[in-house]
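One file, run_6.cif, carrying mmCIF, C-alpha atoms and all ligand atoms:
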```cif
data_run
loop_
_atom_site.label_atom_id
_atom_site.label_comp_id
_atom_site.auth_asym_id
_atom_site.auth_seq_id
_atom_site.Cartn_x
_atom_site.Cartn_y
_atom_site.Cartn_z
CA MET E 1 -29.14 74.38 28.71
CA THR E 2 -26.97 74.45 25.65
CA LEU E 3 -23.60 73.24 24.46
CA LEU E 4 -21.18 75.66 22.87
CA LEU E 5 -18.76 74.73 20.08
CA THR E 6 -16.41 77.24 18.46
CA GLY E 7 -13.86 77.25 15.63
CA PHE E 8 -11.81 79.99 14.01
CA GLU E 9 -11.58 81.77 10.68
CA PRO E 10 -8.42 81.53 8.58
CA PHE E 11 -5.50 83.67 9.78
CA GLY E 12 -1.92 84.59 8.97
CA THR E 13 -0.61 82.60 6.04
CA HIS E 14 -3.42 80.02 6.32
CA ALA E 15 -5.95 80.30 3.51
CA GLU E 16 -8.25 77.96 5.39
CA ASN E 17 -8.78 76.82 8.94
CA PRO E 18 -9.83 73.21 9.46
CA SER E 19 -11.35 74.13 12.82
CA GLN E 20 -13.95 76.18 10.93
CA ASP E 21 -14.80 73.29 8.59
CA ILE E 22 -14.98 70.80 11.47
CA VAL E 23 -17.42 72.86 13.54
CA GLN E 24 -19.54 73.56 10.47
CA ALA E 25 -19.65 69.83 9.66
CA ILE E 26 -20.83 69.17 13.21
CA GLU E 27 -23.49 71.86 12.95
CA GLU E 28 -24.81 70.45 9.67
CA SER E 29 -25.00 66.90 10.98
CA TRP E 30 -26.24 67.59 14.55
CA THR E 31 -29.28 65.44 15.29
CA SER E 32 -29.41 65.43 19.09
CA ASP E 33 -32.32 67.13 20.87
CA GLU E 34 -29.81 69.06 22.94
CA GLU E 35 -29.23 72.58 21.70
CA LEU E 36 -25.79 73.14 20.20
CA ILE E 37 -24.53 76.66 19.46
CA VAL E 38 -21.78 76.70 16.85
CA ARG E 39 -19.76 79.83 16.17
CA VAL E 40 -16.78 80.56 13.96
CA LEU E 41 -14.84 83.30 15.71
CA PRO E 42 -12.68 86.04 14.20
CA VAL E 43 -8.94 85.65 14.79
CA GLU E 44 -8.78 88.90 16.76
CA TYR E 45 -7.81 89.35 20.40
CA ARG E 46 -10.57 91.86 21.03
CA GLY E 47 -13.27 90.43 18.74
CA ALA E 48 -12.84 86.80 19.75
CA GLY E 49 -12.43 87.63 23.44
CA LYS E 50 -15.63 89.64 23.42
CA ALA E 51 -17.46 86.97 21.42
CA ILE E 52 -16.65 84.15 23.86
CA LEU E 53 -17.65 86.23 26.89
CA ASP E 54 -20.92 87.29 25.21
CA LEU E 55 -21.70 83.68 24.33
CA ILE E 56 -21.10 82.55 27.90
CA ALA E 57 -23.28 85.35 29.24
CA ARG E 58 -26.14 84.90 26.80
CA ALA E 59 -26.22 81.14 26.27
CA GLU E 60 -25.07 80.00 29.73
CA PRO E 61 -23.68 76.85 28.11
CA ARG E 62 -23.39 73.73 30.23
CA ALA E 63 -20.26 72.68 28.35
CA ILE E 64 -17.80 74.53 26.13
CA LEU E 65 -15.53 73.07 23.46
CA MET E 66 -13.30 75.40 21.47
CA LEU E 67 -11.23 74.38 18.46
CA GLY E 68 -8.36 76.06 16.65
CA LEU E 69 -5.58 75.19 14.23
CA ALA E 70 -2.05 74.41 15.41
CA ASP E 71 0.22 74.30 12.40
CA SER E 72 2.81 72.17 14.17
CA ALA E 73 0.38 69.56 15.53
CA ALA E 74 0.52 66.01 14.18
CA LEU E 75 -2.37 64.85 16.37
CA PRO E 76 -5.20 66.77 18.02
CA ARG E 77 -3.97 68.41 21.23
CA LEU E 78 -6.05 68.59 24.38
CA GLU E 79 -4.92 71.84 25.97
CA ARG E 80 -4.53 71.72 29.75
CA VAL E 81 -3.53 75.31 30.51
CA ALA E 82 -4.36 78.83 29.36
CA LEU E 83 -1.89 81.62 30.11
CA ASN E 84 -2.84 85.11 31.22
CA LEU E 85 -0.66 86.41 28.42
CA ASP E 86 -0.95 87.74 24.87
CA ASP E 87 2.38 87.39 23.11
CA ALA E 88 2.70 86.51 19.45
CA GLY E 89 4.99 87.55 16.63
CA ILE E 90 2.14 87.73 14.13
CA ALA E 91 -0.63 90.30 14.08
CA ASP E 92 -4.24 89.23 14.47
CA ASN E 93 -6.72 89.63 11.60
CA ALA E 94 -7.48 93.17 12.80
CA GLY E 95 -3.79 94.08 12.45
CA VAL E 96 -3.14 94.09 16.20
CA THR E 97 0.16 92.71 17.55
CA ARG E 98 0.55 92.06 21.26
CA ARG E 99 3.85 91.31 22.95
CA GLY E 100 4.02 90.35 26.60
CA GLU E 101 0.61 91.79 27.53
CA THR E 102 -1.34 90.56 30.52
CA ILE E 103 -4.92 89.63 29.58
CA ARG E 104 -6.50 90.20 33.01
CA VAL E 105 -4.47 92.23 35.48
CA GLY E 106 -4.75 90.67 38.93
CA ALA E 107 -5.82 87.27 37.59
CA PRO E 108 -3.58 84.21 37.96
CA LEU E 109 -0.78 83.74 35.44
CA ALA E 110 -2.37 80.48 34.27
CA LEU E 111 -5.68 78.69 34.54
CA LYS E 112 -6.25 74.97 34.05
CA THR E 113 -9.20 73.08 32.62
CA GLY E 114 -11.14 71.14 35.23
CA ILE E 115 -11.30 68.11 32.95
CA ASP E 116 -9.11 65.12 33.74
CA LEU E 117 -7.16 65.00 30.49
CA LEU E 118 -5.45 61.68 31.18
CA ALA E 119 -8.83 60.05 31.68
CA LEU E 120 -10.18 61.83 28.61
CA GLN E 121 -7.20 60.72 26.51
CA ALA E 122 -7.73 57.11 27.62
CA HIS E 123 -11.47 57.33 26.91
CA LEU E 124 -10.81 58.70 23.43
CA ALA E 125 -8.19 56.01 22.75
CA GLY E 126 -10.87 53.44 23.53
CA ALA E 127 -13.02 55.05 20.85
CA GLY E 128 -10.14 54.90 18.35
CA HIS E 129 -9.00 58.54 18.59
CA GLY E 130 -5.30 59.26 19.12
CA VAL E 131 -4.81 62.61 20.85
CA GLU E 132 -1.98 64.34 22.68
CA ILE E 133 -2.09 66.32 25.89
CA SER E 134 -0.46 69.73 25.68
CA ASN E 135 0.43 72.16 28.46
CA HIS E 136 0.88 75.18 26.24
CA ALA E 137 -1.80 76.56 23.92
CA GLY E 138 0.53 79.33 22.74
CA ALA E 139 -0.04 82.97 23.57
CA TYR E 140 -2.09 84.00 20.54
CA ILE E 141 -5.85 84.07 19.94
CA CYS E 142 -6.61 80.44 20.87
CA ASN E 143 -4.94 80.85 24.25
CA HIS E 144 -6.66 84.24 24.62
CA ILE E 145 -10.20 82.90 24.36
CA TYR E 146 -9.34 79.83 26.45
CA PHE E 147 -8.05 82.09 29.21
CA GLU E 148 -11.05 84.40 28.96
CA ALA E 149 -13.50 81.50 29.12
CA LEU E 150 -11.78 79.76 32.06
CA HIS E 151 -11.44 83.07 33.89
CA ARG E 152 -15.10 83.97 33.45
CA LEU E 153 -16.27 80.51 34.52
CA ALA E 154 -14.06 80.76 37.61
CA GLU E 155 -15.54 84.18 38.39
CA LEU E 156 -19.02 82.75 38.04
CA GLY E 157 -18.07 79.78 40.19
CA ALA E 158 -19.52 77.62 37.40
CA PRO E 159 -18.42 73.98 37.14
CA THR E 160 -18.96 74.12 33.36
CA PRO E 161 -16.62 71.71 31.56
CA CYS E 162 -14.46 73.81 29.25
CA LEU E 163 -11.76 72.58 26.90
CA PHE E 164 -9.64 73.91 24.06
CA VAL E 165 -8.44 71.48 21.40
CA HIS E 166 -5.89 72.35 18.75
CA VAL E 167 -6.30 70.40 15.53
CA PRO E 168 -3.56 69.70 12.98
CA PRO E 169 -3.52 71.24 9.51
CA TYR E 170 -5.16 69.46 6.60
CA PRO E 171 -3.06 66.73 5.00
CA THR E 172 -1.10 68.01 2.02
CA GLU E 173 -2.68 65.38 -0.26
CA PRO E 174 -6.06 66.76 -1.35
CA SER E 175 -7.40 63.20 -1.41
CA GLY E 176 -6.87 62.99 2.37
CA ARG E 177 -9.12 65.89 3.24
CA ALA E 178 -12.44 64.07 3.37
CA ALA E 179 -11.04 61.42 5.72
CA PHE E 180 -9.39 64.11 7.88
CA LEU E 181 -12.68 65.97 8.22
CA ALA E 182 -14.65 62.80 8.98
CA GLN E 183 -12.11 61.69 11.61
CA HIS E 184 -12.02 65.05 13.32
CA ALA E 185 -15.79 65.47 13.24
CA ALA E 186 -16.11 62.04 14.88
CA LEU E 187 -13.58 63.05 17.53
CA VAL E 188 -15.44 66.30 18.22
CA ARG E 189 -18.77 64.48 18.53
CA ASP E 190 -17.18 62.16 21.10
CA LEU E 191 -15.62 65.11 22.93
CA ILE E 192 -18.96 66.90 23.09
CA ALA E 193 -20.60 63.77 24.48
CA VAL E 194 -17.99 63.54 27.25
CA LEU E 195 -18.07 67.25 28.11
CA ALA E 196 -21.86 67.14 28.26
CA ASN E 197 -21.65 64.11 30.60
CA PRO E 198 -18.30 64.33 32.40
CA GLY E 199 -19.37 61.48 34.66
CA THR E 200 -18.59 59.12 31.77
CA LEU E 201 -14.87 59.64 32.39
N1 LIG C 1 -5.16 79.06 15.70
C1 LIG C 1 -4.50 80.22 16.26
C2 LIG C 1 -5.53 81.30 16.24
C3 LIG C 1 -6.68 80.79 15.46
C4 LIG C 1 -6.38 79.38 15.22
O1 LIG C 1 -7.14 78.59 14.64
C5 LIG C 1 -3.90 79.95 17.65
O2 LIG C 1 -3.45 78.83 17.89
O3 LIG C 1 -3.89 80.86 18.47
#
```

I need this file expressed as C-alpha cells, please.
Amino acid sequence: MTLLLTGFEPFGTHAENPSQDIVQAIEESWTSDEELIVRVLPVEYRGAGKAILDLIARAEPRAILMLGLADSAALPRLERVALNLDDAGIADNAGVTRRGETIRVGAPLALKTGIDLLALQAHLAGAGHGVEISNHAGAYICNHIYFEALHRLAELGAPTPCLFVHVPPYPTEPSGRAAFLAQHAALVRDLIAVLANPGTL
C-alpha cells in the first residue's frame, strides 16, 4: 500500500510553482519505510485528469494528497469541495480553455473530502501550522483533478483519505524562500502522517 503525493508544473504567468518544489523536497527527504509516490503533474485538464486516474488505478494508494498553487492564498488552504465543473478564463498549458463544462455528466455537481477539516485544522494548529479551510478550489486544473480523484474513489467505494491543499506563492523576498519551503515541507509531512492514519484526528 502506497501514499500518493502530487504537485503541479508552472502555469500561466507563473514561472515557478511552489507545489512542485515542495513535493520534490518531500521526495528527496523521505525516510519512512512506507512507499511514497510523488508526481509533478502537467497543468492540463486532459493530461492531469488522466494522470491522477492512472495513478489511482495502478498504485491503489491508501491516501492521496494533492498540492497546487493559489496565487491569492496567504495561508495554505485545505480544500473541502471539488466542483464537477471546468471553467477558467486562462488556457491550460496545452492551450485548452474550458468555460462552463461539466467534468462528468451524470455525476453530482460537487463532491466533498471525507476528512474532517475542522479537526485537521485544529490538529495542525497544535503542530504549529496555520491553515485555512476553503470551500472553493476554483474551477481550473486543481479542482479538475480533485473532482476526478474524489469521483473515482466514490465509484470504487474506497474509503481512501483524499485531500487537495492550495499553497500560497513564494514570498517576494528571495531570502524568505528557504524558510517558506521548509515550513511547507513540514506541513506536508504532517498532513501525510494524518492522511495515512486518519484515526489520529
Ligand atoms: N494551481 C492551478 C493549477 C495548477 C496549480 O498549481 C489551480 O489552482 O487550478

Residue neighbourhood E:His14, 12 Å, all atoms listed in the file, exclusion window fewer than 5 positions, as a list of chain:residue names: E:Phe8, E:Glu9, E:Ser19, E:Val43, E:Leu69, E:Ala70, E:Asp71, E:Asn93, E:Pro169, E:Tyr170

Six-sided padding of 5 Å per side, axis-aligned box over stretch 131-149 of chain E, centre and edges in Å, one decimal, as AutoDock Vina command-line options:
```
--center_x -6.3 --center_y 73.5 --center_z 24.6 --size_x 24.4 --size_y 31.8 --size_z 19.3
```

Neighbour list for E:Val165 as a list in words, cut-off 6 Å, only C-alpha atoms, skip fewer than 5 positions in-chain: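 Near neighbours after the sequence-gap exclusion: Leu67, Arg77, Leu78 and Glu79 of chain E.
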
Name each residue within 9 Å of ligand LIG 1 (chain C), counting all atoms listed in the file, as a PDB file with C-alpha atoms, keeping the file's coordinate frame.
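After the write, result25.pdb holds the following:
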```
ATOM      1  CA  GLY E   7     -13.860  77.250  15.630  1.00  0.00           C
ATOM      2  CA  PHE E   8     -11.810  79.990  14.010  1.00  0.00           C
ATOM      3  CA  GLU E   9     -11.580  81.770  10.680  1.00  0.00           C
ATOM      4  CA  PRO E  10      -8.420  81.530   8.580  1.00  0.00           C
ATOM      5  CA  PHE E  11      -5.500  83.670   9.780  1.00  0.00           C
ATOM      6  CA  GLY E  12      -1.920  84.590   8.970  1.00  0.00           C
ATOM      7  CA  ASN E  17      -8.780  76.820   8.940  1.00  0.00           C
ATOM      8  CA  PRO E  18      -9.830  73.210   9.460  1.00  0.00           C
ATOM      9  CA  SER E  19     -11.350  74.130  12.820  1.00  0.00           C
ATOM     10  CA  GLN E  20     -13.950  76.180  10.930  1.00  0.00           C
ATOM     11  CA  LEU E  41     -14.840  83.300  15.710  1.00  0.00           C
ATOM     12  CA  PRO E  42     -12.680  86.040  14.200  1.00  0.00           C
ATOM     13  CA  VAL E  43      -8.940  85.650  14.790  1.00  0.00           C
ATOM     14  CA  GLU E  44      -8.780  88.900  16.760  1.00  0.00           C
ATOM     15  CA  LEU E  67     -11.230  74.380  18.460  1.00  0.00           C
ATOM     16  CA  GLY E  68      -8.360  76.060  16.650  1.00  0.00           C
ATOM     17  CA  LEU E  69      -5.580  75.190  14.230  1.00  0.00           C
ATOM     18  CA  ALA E  70      -2.050  74.410  15.410  1.00  0.00           C
ATOM     19  CA  ASP E  71       0.220  74.300  12.400  1.00  0.00           C
ATOM     20  CA  ALA E  88       2.700  86.510  19.450  1.00  0.00           C
ATOM     21  CA  ASP E  92      -4.240  89.230  14.470  1.00  0.00           C
ATOM     22  CA  ALA E 137      -1.800  76.560  23.920  1.00  0.00           C
ATOM     23  CA  GLY E 138       0.530  79.330  22.740  1.00  0.00           C
ATOM     24  CA  ALA E 139      -0.040  82.970  23.570  1.00  0.00           C
ATOM     25  CA  TYR E 140      -2.090  84.000  20.540  1.00  0.00           C
ATOM     26  CA  ILE E 141      -5.850  84.070  19.940  1.00  0.00           C
ATOM     27  CA  CYS E 142      -6.610  80.440  20.870  1.00  0.00           C
ATOM     28  CA  ASN E 143      -4.940  80.850  24.250  1.00  0.00           C
ATOM     29  CA  HIS E 144      -6.660  84.240  24.620  1.00  0.00           C
ATOM     30  CA  ILE E 145     -10.200  82.900  24.360  1.00  0.00           C
ATOM     31  CA  HIS E 166      -5.890  72.350  18.750  1.00  0.00           C
ATOM     32  CA  VAL E 167      -6.300  70.400  15.530  1.00  0.00           C
TER      33      VAL E 167
END
```

Given only C-alpha atoms, how would the per-residue table for stretch 11-128 of chain E near stretch 173-189 of chain E read, listing every residue at most 12 Å away with its closest atom pair and distance in Å to one decimal, sorted by chain and number, as JSON lines?
```
{"residue": "E:Asn17", "atom": "CA", "partner": "E:Leu181", "partner_atom": "CA", "distance": 11.6}
{"residue": "E:Pro18", "atom": "CA", "partner": "E:Leu181", "partner_atom": "CA", "distance": 7.9}
{"residue": "E:Ser19", "atom": "CA", "partner": "E:His184", "partner_atom": "CA", "distance": 9.1}
{"residue": "E:Gln20", "atom": "CA", "partner": "E:Leu181", "partner_atom": "CA", "distance": 10.6}
{"residue": "E:Asp21", "atom": "CA", "partner": "E:Leu181", "partner_atom": "CA", "distance": 7.6}
{"residue": "E:Ile22", "atom": "CA", "partner": "E:Ala185", "partner_atom": "CA", "distance": 5.7}
{"residue": "E:Val23", "atom": "CA", "partner": "E:Ala185", "partner_atom": "CA", "distance": 7.6}
{"residue": "E:Gln24", "atom": "CA", "partner": "E:Ala185", "partner_atom": "CA", "distance": 9.3}
{"residue": "E:Ala25", "atom": "CA", "partner": "E:Ala185", "partner_atom": "CA", "distance": 6.8}
{"residue": "E:Ile26", "atom": "CA", "partner": "E:Ala185", "partner_atom": "CA", "distance": 6.3}
{"residue": "E:Glu27", "atom": "CA", "partner": "E:Ala185", "partner_atom": "CA", "distance": 10.0}
{"residue": "E:Glu28", "atom": "CA", "partner": "E:Ala185", "partner_atom": "CA", "distance": 10.9}
{"residue": "E:Ser29", "atom": "CA", "partner": "E:Ala185", "partner_atom": "CA", "distance": 9.6}
{"residue": "E:Trp30", "atom": "CA", "partner": "E:Arg189", "partner_atom": "CA", "distance": 9.0}
{"residue": "E:Thr31", "atom": "CA", "partner": "E:Arg189", "partner_atom": "CA", "distance": 11.0}
{"residue": "E:Ser32", "atom": "CA", "partner": "E:Arg189", "partner_atom": "CA", "distance": 10.7}
{"residue": "E:Leu36", "atom": "CA", "partner": "E:Arg189", "partner_atom": "CA", "distance": 11.3}
{"residue": "E:Ile64", "atom": "CA", "partner": "E:Val188", "partner_atom": "CA", "distance": 11.7}
{"residue": "E:Leu65", "atom": "CA", "partner": "E:Val188", "partner_atom": "CA", "distance": 8.6}
{"residue": "E:Met66", "atom": "CA", "partner": "E:Val188", "partner_atom": "CA", "distance": 9.9}
{"residue": "E:Leu67", "atom": "CA", "partner": "E:Val188", "partner_atom": "CA", "distance": 9.1}
{"residue": "E:Ala74", "atom": "CA", "partner": "E:Phe180", "partner_atom": "CA", "distance": 11.9}
{"residue": "E:Leu75", "atom": "CA", "partner": "E:His184", "partner_atom": "CA", "distance": 10.1}
{"residue": "E:Pro76", "atom": "CA", "partner": "E:His184", "partner_atom": "CA", "distance": 8.5}
{"residue": "E:Arg77", "atom": "CA", "partner": "E:Leu187", "partner_atom": "CA", "distance": 11.6}
{"residue": "E:Leu78", "atom": "CA", "partner": "E:Val188", "partner_atom": "CA", "distance": 11.5}
{"residue": "E:Leu120", "atom": "CA", "partner": "E:Leu187", "partner_atom": "CA", "distance": 11.7}
{"residue": "E:Gln121", "atom": "CA", "partner": "E:Leu187", "partner_atom": "CA", "distance": 11.3}
{"residue": "E:His123", "atom": "CA", "partner": "E:Leu187", "partner_atom": "CA", "distance": 11.2}
{"residue": "E:Leu124", "atom": "CA", "partner": "E:Leu187", "partner_atom": "CA", "distance": 7.8}
{"residue": "E:Ala125", "atom": "CA", "partner": "E:Leu187", "partner_atom": "CA", "distance": 10.3}
{"residue": "E:Gly126", "atom": "CA", "partner": "E:Leu187", "partner_atom": "CA", "distance": 11.6}
{"residue": "E:Ala127", "atom": "CA", "partner": "E:Leu187", "partner_atom": "CA", "distance": 8.7}
{"residue": "E:Gly128", "atom": "CA", "partner": "E:Leu187", "partner_atom": "CA", "distance": 8.9}
```

Atom CA of E:Lys112 to atom CA of E:Arg80, straight-line distance in Å: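 Separation of atom CA of E:Arg80 and atom CA of E:Lys112: 5.7 Å.
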
From E:Ala82, E:Leu4, E:Ala15, E:Ala193, residue lying nearest E:Arg62 [all atoms listed in the file]: E:Leu4

Shortest interatomic distance to E:Pro161 - which of E:Asn135, E:Asn197, E:Thr102, E:Ser72, counting all atoms listed in the file: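 Closest residue, counting all atoms listed in the file: E:Asn197.
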
For E:His151, the nearest of the candidates E:Thr97, E:Thr113, E:Thr2, E:Thr13, counting only C-alpha atoms: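 Answer, going by the shortest atom-to-atom distance: E:Thr113.
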
For atom CA of E:Val96 and atom CA of E:Leu111, the interatomic separation in Å (one decimal):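 Spanning atom CA of E:Val96 to atom CA of E:Leu111 is a straight-line distance of 24.1 Å.
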
Nearest to E:Leu3 by atom-to-atom distance, counting all atoms listed in the file, from E:Ile103, E:Ile52, E:Ala59, E:Leu201: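 Residue with the minimum atom-to-atom distance to E:Leu3: E:Ala59.
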
Which residue of E:Glu101, E:Glu60, E:Glu16, E:Asp33 approaches E:Thr160 most closely, using only C-alpha atoms: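 The answer is E:Glu60, which sits nearest to E:Thr160.
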
Length of the atom CA of E:Ile56 to atom CA of E:Ala73 vector [Å]: 28.0 Å
